[in-house]
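Asker: So that we are looking at the same thing, I have put the structure below in structure tokens.
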Amino acid sequence: MTDTLSHNRFFDRIKKLNIYDEDEALSLVDQLLSTRIFISLMTISFTTIIIFTSISLQTDTVTVLTPSENTFNDLSNRYSNTLSCVCKQSSIRQDKFISFNPRFHPICTSQFINQSFILSLFDMNVSDYWPFDYRVMAVSQFQLITSYCRHMKQKALDIIEEFGSKYLITTQVLSYDVFNIQNKALINQLKSTTVTNNKYTVDFTWLNIYKNNIYTGLRSNFIIESSPLIVTFRQIIYRVSEGDCMCSTDSFCQFSSGVYNTTERIEAINGNTFQTTNPFAPLMLQLPNILVGCYPYVSLIASSLECFYDQSCIDLIRSYIPQFSLVSPLALSDFPPETFVGTLINELFIESWNEISNFSSYYRVCSPHSCVYSYNRRFNFLYVITTVISLFGGLKMVLYISVPYIVKFIRRIQHIKHRRRERNNVSIDIQLNQNQSFKNRCLQILRQVQQQIMTYNMFPFESQIKDGLCSTRVYILLFSMGIFVLIFYTSISTRIQTVIVRDPSIDDYEQLYKNYPSTLVCSCTQISIEYSSMIDISARFHQVCSSDFVKDDAWFLYPSTVSHGGFYTTYDFRISGMTFFYILQTLCIMANTTVTNELAVFNKTQFIIAQVLPNDKFEIQISSVIQQFEQQTVASFLVLFGLIQTSVQLNQLVTYGNGNTGFQTLSDADDVPAYVILRNNYDNGCSCGINSTCTRSVAFYCNGPYCYGNSTVQDKPIPGFVVSCLSVDSFLLSTLECIYNASCFQMLLDGYPLGLLDISINPRVANVTLLDPTVKSRFPPNTTMDDIVRQLFIEDWTHTISFSSFYKECAPKNCTYSYEERFNKAYIISTTLGIVGGLSVALRILVPLIVKLLRRIYHRFCGSQEQNERRNNFKSSVFISQIRESILKMNVYRKKQRNSTVENIPTIDDIILIQHQHIATRTYIVLFIISILIISFFVAFTSQTYFITVSFPNISTYEQLQNQYPSTITCPCSQIAIPYSQFIFVQPSAYHQICSSGFISFDFIKLLWGIQSPSEYIHNADRKILTAHIRLLSALCSLAKDAVEQKIEIFYTQNFISIETITRYSFQTQMDSLIENLIDQIPVNFRWIHQFIIDTFHGNQLSHRFRLNWLYFTSNERNDYIVRTNPAWYNESGQSCSCLTSSTCSRSLLTSFDTVIQLPGIVFGCLPIFGLRLSTLECFYSSTCLNQLANFISSSKMPDALNISTNTRFDPISSVLIGTLIDELFIETWQSFSNYSNYFTYCAPLTCHYSYEERNSFLYILTTFLGLYGGLTVGLQLFVWHVLSIYWKICQWFTIRHGRVQTVNEF
């Protein structure tokens, strides 16, 4: 029953609730209706506001100063899409956070490559063993393994050093995952590139050795027959169960090795055909997977090391080669024991790279000043509360004022409808009378409105009505001005809006970038993308590489019957001409393989990108990458090509099949020295001793008794084909013009049977398709093959770039962009409503006080004399008392009494109510002041982030902004790919003076060479060897300059990728490091290739013409008159040294007939290049030494001595070896500089964006205060009154329950 009564009382109070009881213009019914409408609208409005603010996204931006690594990792995991941490150092050397500790195959640290073991394998008669005998190849194979281990280790260290010296450019800190992914991609790219390039170098070196038919002193590829009648080169034929194999036609003749019971090569078939089974060479031991062949290299790469893991296998070898007692089995390897040595060489003998990526080191160097991140959130309770409070006052005021008018409007409509119904029941006359009174009624309404305006008083509680009226008018004026200013300010002020687009398509992205290019950020879900997924590159090769002329089943059938008879020379097309096509086929295959390998590496290269690049910037960056790839593919080939070609040409190696090499003996006796001589059979008396470009036309020759057939082609030069000093030189100096021309090609067919009996050409040969001169080509038909080969036969490159594929691989999950917004109606309305309440309340409090003060001032100075006298009598103490009394009687809860008069006597209830109102007022004021202080303190000490954009900044503006806002400024470059040539200059300022002296001139070389006669080659060979030194020195000077120019040219064409403008300091640091790295790296590759080539020459025992490393001796009929070879032996310094086991053997005594001299600094080695590297330039600085040299060569003409007063870094001249100069590319000094202004000009940032935090301004504090003031005032009033009302009700209940009488004073 009690609960029912309580509910009834509650609902009865709600029904009687009237907040318009002071509005006398409304009837009680309208007051109640207005109250209910007001409450309903307030409830709906605030429910909507609460729901909207709860579900709406708010973007909060947070700045963390000097974040630790753990803090950064936590932030990157939580806010990966918005986190931005700008590195203090944007360029970081890769060796600061990536390290390698490669572990090599155990063979490279084993006893098998100890020099003591290799020296013990020396055998003076090594070339006399049966060709299948392991002892022929053993010492050379171990030397090759030794040199390859050394070179591959050095290669790995050079690559690691170069990799470490490069810079990782990161303007912002990479996350831990991105860092590891990027490093993994970089390391994998390093490995694949290194392995591919190494294999290419090894293969190309071998190709030039093989194709030039260079004779090895081991006599494993060719033999020299020196019979009493003739000296000729003959091929060795290896006859095995699979068939015959000749080294001139098969570059990989490889056979199982063993130990044979013979030390002589006798009873060979026809003197040059060797079998594995021969009664005169019985097999004693077969070795597992250890091969022999034409060259030590060929046999080594097809062999495995499995025998050397097994002690029992080593023991078997030791029983025949005792020196194997010096070695122990190999330790276990990650490579299987049966792995080919060729595979190990290709892999640089590296078992494991042992790479370590250290994120902590990277982060420590990057060292971000600060991290900025933003996040969106819903259901922010504080945001909801502040929004509701800020809107409460304004919304309450608007509704409170507008609802009565709405009610009146409703009543007016009802009244009009009622009157219309009445009009239907009255006569027309009455209607006319009513129409006539319309004017009077309008005037009456206007007078009423005017009267209400004049008497409208918002401050009825003022003691003087005039004060209330003045205050009302001032209030309305100030309130209207405030609203106008507020609406104007919020209309023109800008707001940063951040929007997130989920799963954007490529069309969405492009539209977003078009609209928001400077703020759009789309983070990739896959940051490491292979080039192959978005780039397609292909090379179009010269048509000859796909023609019938390089096919085995077509043109290569041409010489199939040439060995049936006839007499023809080396210059005959059927010999040298077909060599041209064999080399062409091989080089075409190698060019294609080179491009294929480079493309394979390129396609696997990872494009590291954290965010989607716009289409235009993407194409610029990728085009730069493609251009670099195309240039580097050709340029890297040129360095190798030049070095190997020079090394083969100028080291005076014995070659087969060119017609320029002959032999001379002092007698026909057995075992007497034989000497190599050069035949001068080239045009214009050209000598290969001083000129590598000597040529002679190729034709069809017939010198024997069978010279019949088509005589029209006999001795007639074939256009485009020439013979030169070496087979490869012959190829390079020839052209393709004949196989473009039908008549010339017919000449090749007609000349084929010249001097041959019963020979007809294969129909397939006659039906080959000629080259088409109408096919587009950058190489005219008369272009030398040298020019074509130097471009890798590449006519042109084609490539396609797919932005859509890039976008698909990048696969951004979301895109974020921000924009500035003005004239947002919702923002204007919400802000106005938020502030209008506070503004209204503030004006209600301040305006009456100001009006009173102004009126008193006015009356004091401008009032009547009587008023002034009364005012003068007014004591200040009384004024203070009045103020105190006013404060004590302040009542924000008072209400105007209806029909009250001064005679009304307040009841006890009225007195209690007024006391309650005073208490509530004081409580309200205390809470209000506390709340305002808290809000003011919070707002005053919080900061805001301001985002500023500067358009078209110049360099001074940028640097000024950089100094002021280093951690937040970003200035995207309008051109992100800038060629280094635009702002960097680097080149050698001076080479060593030897490279510009007369000593490397052709005249001096010709003078030094002397005459060509058999006696000169026999008794004055040292003069020819010294000529090779000078030619090598001249060629290496030229190659060094070319290598430097090519490297610099490639560097200049490369682009500096600068997405954002970097600071002057960062630029200078990066460029200095870049230039330093370039200078350090330019000689590295040249040095490594050069030393690798000459060590390969030594390991394959390539024979020198003038007996520097191998000596030649005649033999007898029992040995089929085959010239024997023995390794050269040096013992000049008292220490024995053999070129079979060491490449550092040397001698300093030079012999010319009966004259023996010693020139300071000049020594001879196992090959001219070894002697040159071991020599110094001391003699060339000394006039005395040069006079000795002049006497030695019987000439009075000598170039001027080098200037000893010229500064050089290669000092002292008596001890710095020429090898050191070669390794340093003869460079004395460098000059370089970088220009930041030029960089900035090409970077050309269109805008700079920066942000800064600043304590809230007075205007912001004021607007926030006003926004919260109204809601806080009304809210606190209601809160305080109702809480105290509850408290008083409870107190009253306790008083009644205890039967206690409550007095008025208790309140």
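Lettering and numbering for the structure tokens are positional, with chains as A, B, ... in the shown order, residues counted from 1 in each chain, and ligands counted from 1 in the shown order.
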DSSP on the backbone: which residues in stretch 136-341 of chain A end up as strand (DSSP E)? Give the answer as a PyMOL selection string.

Answerer: chain A and resi 167-169+222-226+231-235+237-240+243-246+254-260+273-275+283-293

Asker: Need the shell around A:Ser951: protein/DNA/RNA residues with any atom at most 7 Å away, counting only C-alpha atoms. Skip same-chain ones fewer than 2 positions apart. Format as a ChimeraX atom specification?

Answerer: /A:949,953,1246-1248

Asker: Those residues with all heavy atoms, as a PDB file, in the first residue's frame please?

Answerer:
```
ATOM      1  N   THR A 949      51.107  23.831 -43.433  1.00  0.00           N
ATOM      2  CA  THR A 949      51.607  23.525 -44.771  1.00  0.00           C
ATOM      3  C   THR A 949      52.212  24.787 -45.371  1.00  0.00           C
ATOM      4  O   THR A 949      51.586  25.852 -45.365  1.00  0.00           O
ATOM      5  CB  THR A 949      50.473  23.014 -45.674  1.00  0.00           C
ATOM      6  OG1 THR A 949      49.950  21.809 -45.124  1.00  0.00           O
ATOM      7  CG2 THR A 949      50.988  22.741 -47.083  1.00  0.00           C
ATOM      8  N   PRO A 953      58.506  25.884 -50.819  1.00  0.00           N
ATOM      9  CA  PRO A 953      59.579  26.409 -49.961  1.00  0.00           C
ATOM     10  C   PRO A 953      60.905  26.477 -50.723  1.00  0.00           C
ATOM     11  O   PRO A 953      61.217  25.590 -51.522  1.00  0.00           O
ATOM     12  CB  PRO A 953      59.652  25.383 -48.837  1.00  0.00           C
ATOM     13  CG  PRO A 953      59.201  24.110 -49.490  1.00  0.00           C
ATOM     14  CD  PRO A 953      58.144  24.508 -50.484  1.00  0.00           C
ATOM     15  N   LEU A1246      57.318  20.678 -53.369  1.00  0.00           N
ATOM     16  CA  LEU A1246      56.217  21.606 -53.635  1.00  0.00           C
ATOM     17  C   LEU A1246      55.597  22.120 -52.336  1.00  0.00           C
ATOM     18  O   LEU A1246      55.091  23.241 -52.288  1.00  0.00           O
ATOM     19  CB  LEU A1246      55.144  20.914 -54.473  1.00  0.00           C
ATOM     20  CG  LEU A1246      55.603  20.414 -55.851  1.00  0.00           C
ATOM     21  CD1 LEU A1246      54.459  19.729 -56.561  1.00  0.00           C
ATOM     22  CD2 LEU A1246      56.154  21.555 -56.686  1.00  0.00           C
ATOM     23  N   THR A1247      55.630  21.290 -51.325  1.00  0.00           N
ATOM     24  CA  THR A1247      55.081  21.694 -50.034  1.00  0.00           C
ATOM     25  C   THR A1247      55.938  21.113 -48.916  1.00  0.00           C
ATOM     26  O   THR A1247      56.622  20.102 -49.103  1.00  0.00           O
ATOM     27  CB  THR A1247      53.634  21.188 -49.844  1.00  0.00           C
ATOM     28  OG1 THR A1247      53.628  19.763 -49.988  1.00  0.00           O
ATOM     29  CG2 THR A1247      52.695  21.820 -50.847  1.00  0.00           C
ATOM     30  N   CYS A1248      55.888  21.768 -47.800  1.00  0.00           N
ATOM     31  CA  CYS A1248      56.466  21.245 -46.565  1.00  0.00           C
ATOM     32  C   CYS A1248      55.353  21.182 -45.522  1.00  0.00           C
ATOM     33  O   CYS A1248      54.564  22.122 -45.392  1.00  0.00           O
ATOM     34  CB  CYS A1248      57.606  22.128 -46.062  1.00  0.00           C
ATOM     35  SG  CYS A1248      59.179  21.886 -46.914  1.00  0.00           S
TER      36      CYS A1248
END
```

Asker: Using only C-alpha atoms, which residues sit within 7 Å of stretch 177-186 of chain A once same-chain residues fewer than 5 positions away are excluded, as an MDAnalysis selection string?

Answerer: chainID A and resid 528 606 608

Asker: Set the distance at 7 Å and use only C-alpha atoms: which residues neighbour A:Leu1108 once local chain neighbours fewer than 5 positions away are removed? I'd like the list as a PyMOL selection string.

Answerer: chain A and resi 1128+1165-1167

Asker: With N, CA, C and O atoms retained, could you export that selection as a tab-separated table (two decimals), in the first residue's frame?

Answerer:
```tsv
chain	number	residue	atom	x	y	z
A	1128	ALA	N	109.84	-24.99	-65.47
A	1128	ALA	CA	111.02	-24.14	-65.30
A	1128	ALA	C	111.41	-24.10	-63.82
A	1128	ALA	O	110.58	-24.16	-62.92
A	1165	GLY	N	109.08	-13.37	-64.05
A	1165	GLY	CA	108.43	-14.43	-63.28
A	1165	GLY	C	107.98	-15.55	-64.18
A	1165	GLY	O	108.42	-15.68	-65.34
A	1166	CYS	N	107.06	-16.37	-63.68
A	1166	CYS	CA	106.61	-17.54	-64.41
A	1166	CYS	C	105.78	-17.17	-65.64
A	1166	CYS	O	105.65	-17.97	-66.57
A	1167	LEU	N	105.19	-16.00	-65.63
A	1167	LEU	CA	104.53	-15.40	-66.78
A	1167	LEU	C	104.85	-13.92	-66.76
A	1167	LEU	O	105.21	-13.37	-65.71
```

Asker: From the list A:Met890, A:Ile1011, A:Val1216, A:Val672, which residue is nearest A:Leu1111 when using only C-alpha atoms?

Answerer: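 Of A:Met890, A:Ile1011, A:Val1216, A:Val672, the one nearest A:Leu1111 is A:Val672, counting only C-alpha atoms.
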
Asker: Can you pull out every residue within 12 Å of A:Ile1057, counting only C-alpha atoms, but drop anything in the same chain fewer than 4 positions away, and send it as JSON, numbers by chain?

Answerer: {"A": [167, 168, 169, 170, 171, 617, 618, 620, 621, 622, 623, 624, 625, 972, 973, 974, 975, 976, 977, 978, 979, 980, 1061, 1062, 1239, 1242, 1243]}

Asker: Please save N, CA and C atoms of the selected residues as a PDB file, in the first residue's frame.

Answerer:
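part.pdb was written with the following content:
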```
ATOM      1  N   TYR A 167      74.338   2.302 -47.526  1.00  0.00           N
ATOM      2  CA  TYR A 167      73.501   2.942 -46.519  1.00  0.00           C
ATOM      3  C   TYR A 167      72.046   2.526 -46.692  1.00  0.00           C
ATOM      4  N   LEU A 168      71.445   2.264 -45.570  1.00  0.00           N
ATOM      5  CA  LEU A 168      70.003   2.093 -45.530  1.00  0.00           C
ATOM      6  C   LEU A 168      69.391   3.461 -45.260  1.00  0.00           C
ATOM      7  N   ILE A 169      68.558   3.905 -46.171  1.00  0.00           N
ATOM      8  CA  ILE A 169      67.940   5.224 -46.040  1.00  0.00           C
ATOM      9  C   ILE A 169      66.547   5.040 -45.451  1.00  0.00           C
ATOM     10  N   THR A 170      66.365   5.480 -44.238  1.00  0.00           N
ATOM     11  CA  THR A 170      65.058   5.395 -43.602  1.00  0.00           C
ATOM     12  C   THR A 170      64.788   6.705 -42.879  1.00  0.00           C
ATOM     13  N   THR A 171      63.848   7.451 -43.392  1.00  0.00           N
ATOM     14  CA  THR A 171      63.468   8.695 -42.712  1.00  0.00           C
ATOM     15  C   THR A 171      62.700   8.385 -41.436  1.00  0.00           C
ATOM     16  N   LYS A 617      55.254   8.279 -59.340  1.00  0.00           N
ATOM     17  CA  LYS A 617      56.486   8.080 -58.585  1.00  0.00           C
ATOM     18  C   LYS A 617      56.965   6.641 -58.670  1.00  0.00           C
ATOM     19  N   PHE A 618      56.030   5.718 -58.710  1.00  0.00           N
ATOM     20  CA  PHE A 618      56.383   4.302 -58.855  1.00  0.00           C
ATOM     21  C   PHE A 618      57.114   4.066 -60.171  1.00  0.00           C
ATOM     22  N   ILE A 620      58.720   6.239 -62.026  1.00  0.00           N
ATOM     23  CA  ILE A 620      60.017   6.918 -62.013  1.00  0.00           C
ATOM     24  C   ILE A 620      61.048   6.063 -61.286  1.00  0.00           C
ATOM     25  N   GLN A 621      60.681   5.570 -60.116  1.00  0.00           N
ATOM     26  CA  GLN A 621      61.616   4.787 -59.326  1.00  0.00           C
ATOM     27  C   GLN A 621      61.966   3.473 -60.015  1.00  0.00           C
ATOM     28  N   ILE A 622      60.979   2.786 -60.560  1.00  0.00           N
ATOM     29  CA  ILE A 622      61.235   1.502 -61.207  1.00  0.00           C
ATOM     30  C   ILE A 622      62.020   1.702 -62.507  1.00  0.00           C
ATOM     31  N   SER A 623      61.722   2.754 -63.249  1.00  0.00           N
ATOM     32  CA  SER A 623      62.482   3.034 -64.472  1.00  0.00           C
ATOM     33  C   SER A 623      63.940   3.274 -64.147  1.00  0.00           C
ATOM     34  N   SER A 624      64.204   3.937 -63.038  1.00  0.00           N
ATOM     35  CA  SER A 624      65.579   4.137 -62.603  1.00  0.00           C
ATOM     36  C   SER A 624      66.255   2.813 -62.300  1.00  0.00           C
ATOM     37  N   VAL A 625      65.545   1.928 -61.630  1.00  0.00           N
ATOM     38  CA  VAL A 625      66.090   0.599 -61.310  1.00  0.00           C
ATOM     39  C   VAL A 625      66.395  -0.178 -62.590  1.00  0.00           C
ATOM     40  N   PRO A 972      58.088  16.365 -49.094  1.00  0.00           N
ATOM     41  CA  PRO A 972      58.228  15.370 -50.165  1.00  0.00           C
ATOM     42  C   PRO A 972      58.818  15.994 -51.424  1.00  0.00           C
ATOM     43  N   CYS A 973      59.779  15.275 -52.011  1.00  0.00           N
ATOM     44  CA  CYS A 973      60.382  15.745 -53.257  1.00  0.00           C
ATOM     45  C   CYS A 973      59.394  15.564 -54.406  1.00  0.00           C
ATOM     46  N   SER A 974      59.346  16.538 -55.281  1.00  0.00           N
ATOM     47  CA  SER A 974      58.527  16.382 -56.482  1.00  0.00           C
ATOM     48  C   SER A 974      59.221  15.479 -57.487  1.00  0.00           C
ATOM     49  N   GLN A 975      60.550  15.376 -57.409  1.00  0.00           N
ATOM     50  CA  GLN A 975      61.329  14.437 -58.231  1.00  0.00           C
ATOM     51  C   GLN A 975      62.102  13.551 -57.266  1.00  0.00           C
ATOM     52  N   ILE A 976      61.633  12.325 -57.097  1.00  0.00           N
ATOM     53  CA  ILE A 976      62.223  11.475 -56.073  1.00  0.00           C
ATOM     54  C   ILE A 976      63.468  10.743 -56.570  1.00  0.00           C
ATOM     55  N   ALA A 977      63.631  10.599 -57.879  1.00  0.00           N
ATOM     56  CA  ALA A 977      64.812   9.935 -58.439  1.00  0.00           C
ATOM     57  C   ALA A 977      65.693  10.988 -59.091  1.00  0.00           C
ATOM     58  N   ILE A 978      66.830  11.272 -58.463  1.00  0.00           N
ATOM     59  CA  ILE A 978      67.706  12.346 -58.920  1.00  0.00           C
ATOM     60  C   ILE A 978      69.037  11.727 -59.330  1.00  0.00           C
ATOM     61  N   PRO A 979      69.469  11.892 -60.574  1.00  0.00           N
ATOM     62  CA  PRO A 979      70.764  11.337 -60.986  1.00  0.00           C
ATOM     63  C   PRO A 979      71.898  11.933 -60.167  1.00  0.00           C
ATOM     64  N   TYR A 980      72.825  11.060 -59.777  1.00  0.00           N
ATOM     65  CA  TYR A 980      73.965  11.539 -59.000  1.00  0.00           C
ATOM     66  C   TYR A 980      74.765  12.595 -59.756  1.00  0.00           C
ATOM     67  N   THR A1061      62.817  15.429 -48.733  1.00  0.00           N
ATOM     68  CA  THR A1061      64.004  16.265 -48.691  1.00  0.00           C
ATOM     69  C   THR A1061      64.801  15.941 -47.428  1.00  0.00           C
ATOM     70  N   ILE A1062      66.098  15.755 -47.592  1.00  0.00           N
ATOM     71  CA  ILE A1062      66.947  15.488 -46.436  1.00  0.00           C
ATOM     72  C   ILE A1062      67.709  16.750 -46.070  1.00  0.00           C
ATOM     73  N   TYR A1239      71.057  19.555 -55.380  1.00  0.00           N
ATOM     74  CA  TYR A1239      70.152  18.486 -54.925  1.00  0.00           C
ATOM     75  C   TYR A1239      68.788  19.059 -54.595  1.00  0.00           C
ATOM     76  N   TYR A1242      66.716  19.934 -57.682  1.00  0.00           N
ATOM     77  CA  TYR A1242      66.112  18.804 -58.393  1.00  0.00           C
ATOM     78  C   TYR A1242      65.072  18.097 -57.526  1.00  0.00           C
ATOM     79  N   CYS A1243      65.281  18.092 -56.246  1.00  0.00           N
ATOM     80  CA  CYS A1243      64.273  17.528 -55.342  1.00  0.00           C
ATOM     81  C   CYS A1243      62.986  18.353 -55.435  1.00  0.00           C
TER      82      CYS A1243
END
```

Asker: Which of these, A:Ile236, A:Ala1244, A:Cys744, A:Ile1000, has the shortest distance to A:Glu1060 once you count only C-alpha atoms?

Answerer: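 The closest residue to A:Glu1060 is A:Ala1244.
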
Asker: Given the choices A:Asn1191, A:Thr63, A:Gln1012, A:Thr769, which gets closest to A:Leu75 if the distance is worked out from only C-alpha atoms?

Answerer: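 Selected residue with least distance to A:Leu75: A:Thr63.
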
Asker: Just the residues within 10 Å of A:Asp715, please, counting only C-alpha atoms, with nothing from its chain fewer than 6 positions along; format it as a VMD selection string.

Answerer: chain A and resid 572 697 to 702 751

Asker: Please report the interatomic distance between atom CA of A:Thr655 and atom CA of A:Val765 in Å with one decimal.

Answerer: 29.4 Å

Asker: So, counting only C-alpha atoms, which residue among A:Ile1079, A:Leu748, A:Met42, A:Ile237 is closest to A:Asn272?

Answerer: A:Ile237

Asker: I need the residues in stretch 164-195 of chain A that are alpha helix (DSSP H) according to DSSP; give them as a PDB file with C-alpha atoms, in the first residue's frame.

Answerer:
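Result file result_28.pdb:
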```
ATOM      1  CA  GLY A 164      78.213  -3.051 -45.187  1.00  0.00           C
ATOM      2  CA  SER A 165      79.425   0.255 -46.582  1.00  0.00           C
ATOM      3  CA  TYR A 176      60.846  -4.949 -36.086  1.00  0.00           C
ATOM      4  CA  ASP A 177      59.027  -7.148 -38.605  1.00  0.00           C
ATOM      5  CA  VAL A 178      59.647  -4.795 -41.513  1.00  0.00           C
ATOM      6  CA  PHE A 179      63.309  -4.520 -40.497  1.00  0.00           C
ATOM      7  CA  ASN A 180      63.775  -8.285 -40.519  1.00  0.00           C
ATOM      8  CA  ILE A 181      61.895  -8.779 -43.774  1.00  0.00           C
ATOM      9  CA  GLN A 182      63.925  -6.072 -45.467  1.00  0.00           C
ATOM     10  CA  ASN A 183      67.217  -7.430 -44.188  1.00  0.00           C
ATOM     11  CA  LYS A 184      66.310 -10.957 -45.243  1.00  0.00           C
ATOM     12  CA  ALA A 185      65.561  -9.677 -48.733  1.00  0.00           C
ATOM     13  CA  LEU A 186      68.843  -7.732 -48.850  1.00  0.00           C
ATOM     14  CA  ILE A 187      70.859 -10.717 -47.661  1.00  0.00           C
ATOM     15  CA  ASN A 188      69.206 -13.145 -50.074  1.00  0.00           C
ATOM     16  CA  GLN A 189      69.826 -10.707 -52.889  1.00  0.00           C
ATOM     17  CA  LEU A 190      73.472 -10.419 -51.824  1.00  0.00           C
ATOM     18  CA  LYS A 191      73.901 -14.192 -51.834  1.00  0.00           C
ATOM     19  CA  SER A 192      72.228 -14.820 -55.173  1.00  0.00           C
ATOM     20  CA  THR A 193      74.006 -11.927 -56.873  1.00  0.00           C
ATOM     21  CA  THR A 194      77.391 -13.003 -55.525  1.00  0.00           C
ATOM     22  CA  VAL A 195      76.965 -16.623 -56.604  1.00  0.00           C
TER      23      VAL A 195
END
```

Asker: Quick one: pull the distance between atom CA of A:Phe721 and atom CA of A:Phe549, Å, one decimal.

Answerer: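 Atom-to-atom, atom CA of A:Phe721 to atom CA of A:Phe549, that is 14.6 Å.
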
Asker: Looking at only C-alpha atoms, which of A:Val298, A:Ile969, A:Cys470, A:Leu285 is the one that sits closest to A:Phe252?

Answerer: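 So, comparing all the options, the nearest one is A:Val298.
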
Asker: Mind pulling up the distance from atom CA of A:Ser357 to atom CA of A:Ser175?

Answerer: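 Going from atom CA of A:Ser175 over to atom CA of A:Ser357 covers 13.3 Å.
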
Asker: Pick out the closest residue to A:Met578 from this set: A:Gln652, A:Gln497, A:Ser730, A:Gln111. Count only C-alpha atoms.

Answerer: A:Ser730

Asker: Tell me which protein, DNA and RNA residues are within 10 Å of A:Thr1241, counting only C-alpha atoms, leaving out same-chain ones fewer than 3 positions away, and put them as a PyMOL selection string.

Answerer: chain A and resi 954-955+973+975+982-983+1236-1238+1244-1245
